[in-house]
Amino acid sequence: MSTLTEEQQVLIAKCLAKGRFCSLQRVPSKRANQSICGLAANNVVGCEEPHQCLLMPYSEFLRSTGLNEEQGQLVWTLICRSTYPWQQHCRRATELKDDDVWISTGDAEIDQCLGGGIRLGSMVEVVGESAAGKTQLCIQLAISAQLPEAHGGLNGDVIYISTEGPFPVSRLVSMASPFVHRVCGEEYANSVDPADFMHRIQVAEFESMETMFHAFDYKVPSLLSAGNVRLMIVDSIAAHLRFNTSDDNTGQSSPIAFYKERSDSLVAMGAKFKRWANEYNCAFVFINQVTDLFAGDSGNGNDNDASLGLPSIADIDAEFTTMVTSKKAPALGAVWSNIIDTRIMMYQRRGLVQSEFRRASDVQGEAADQAPVEPPSHLLRTRRWIENVFSPWALNTQCEVVLDESGFQHVSKADI
């Protein structure tokens, strides 16, 4: 009731007491005792509190209070305002800006590509083909989330749910030391044991959809409420949801029923994750797989790269290469795409390192009229990209990266 003036509270009290409509002009407009309406409501129309009047039909409210339509609308509005003081829940955008907290990838350029990193309270999908580096990136995030705040981390715990085999412990240990050296410096890195980063990661492995959903219903909430979890990773969300493995001859659900049930499960699961993300101030990262698109044709049946949906050698030197036109699409369909907040796409191909090729050409001293030199095989390497496909807080941008023992780092244009 603190959002109402004294005159408004007196009006509600008199109406609930079946009093006559009160003039508001002579009543002082200052804050009044919050119990005025509550005390008056105890003796009228079966309501102990003013907000209970909102539960009765509006016509019954008018009859009980003896108000006409215009008066009833005013009193009804005042009761609604006192029940939910919406002004108290409004904040200026400048205040909300300070609430944004991000999990860094450990590389400033990659963070900039993603709009700042992985935002707490969000649901992020990392999608790409096999061996694109999805798990590597998630391990990197799991280490970064545990770093002290003084070194850009959140000093938080991590939940890692694996659905595609054992958790890669050896890769976590091998990445931890070089990653911490690169991000935090030698002094701090020498003071920590790489094995320490395993102690704050809760790992769960599930071999079926039923056990995974059971963990989401019971195990995950208890872990979130009991600890200082800042990041939860599901590797991968599509493993048990992508295909219908049931057999109709055994009385199991048909494919159509399976996909309908899957959509319902995704919606319910997404609602849980969004609620937990806000309640526990935690980021959720889901690894997703890709599926082939068969509609249309590349127009060049002899181009192996095009048939695979990959950029050609001629296109690889372009500033931006995208997977959107590559005949690959994230699994789980539009239902899942509308649940997540951010989609990060990772992809790779065997490409030419143009800077090295140019240096090699300069050494050879080719004449201008000579035929172009075919790129030597030793100048071809696996090139990788991270693309922010969509996000509420960042534009669609792309960053070429390299994967080494310390995780992902950006590639400068001079090295391309």
# chains A, B, ... in the order shown; residues from 1 in each chain; ligands from 1
$ select_by_dssp --residues "stretch 157-282 of chain A" --states "helix (DSSP H, G or I)" --output "ChimeraX atom specification"
/A:169-184,186-190,196-199,209-226,248-250,255-280
$ closest_residue --among "A:Gly66, A:Gly156, A:Pro148, A:Gly133" --to "A:Tyr347" --atoms "only C-alpha atoms"
A:Gly133
$ residues_around --residues "A:Gly106" --least-positions-apart "4" --cutoff "12 Å" --atoms "only C-alpha atoms" --output "PyMOL selection string"
chain A and resi 102+110-112+116-118+137-147+151-153+176+178-185+406-410
$ atom_distance --atom1 "atom CA of A:Ala150" --atom2 "atom CA of A:Val101"
14.1 Å
$ closest_residue --among "A:Thr397, A:Thr163, A:Ser412, A:Ser236" --to "A:Glu125" --atoms "only C-alpha atoms"
A:Ser236
$ atom_distance --atom1 "atom CA of A:Val173" --atom2 "atom CA of A:Asp196"
9.0 Å
$ atom_distance --atom1 "atom CA of A:Val220" --atom2 "atom CA of A:Lys274"
13.4 Å
$ residues_around --residues "stretch 251-266 of chain A" --least-positions-apart "3" --cutoff "12 Å" --atoms "only C-alpha atoms" --output "count of residues only"
32
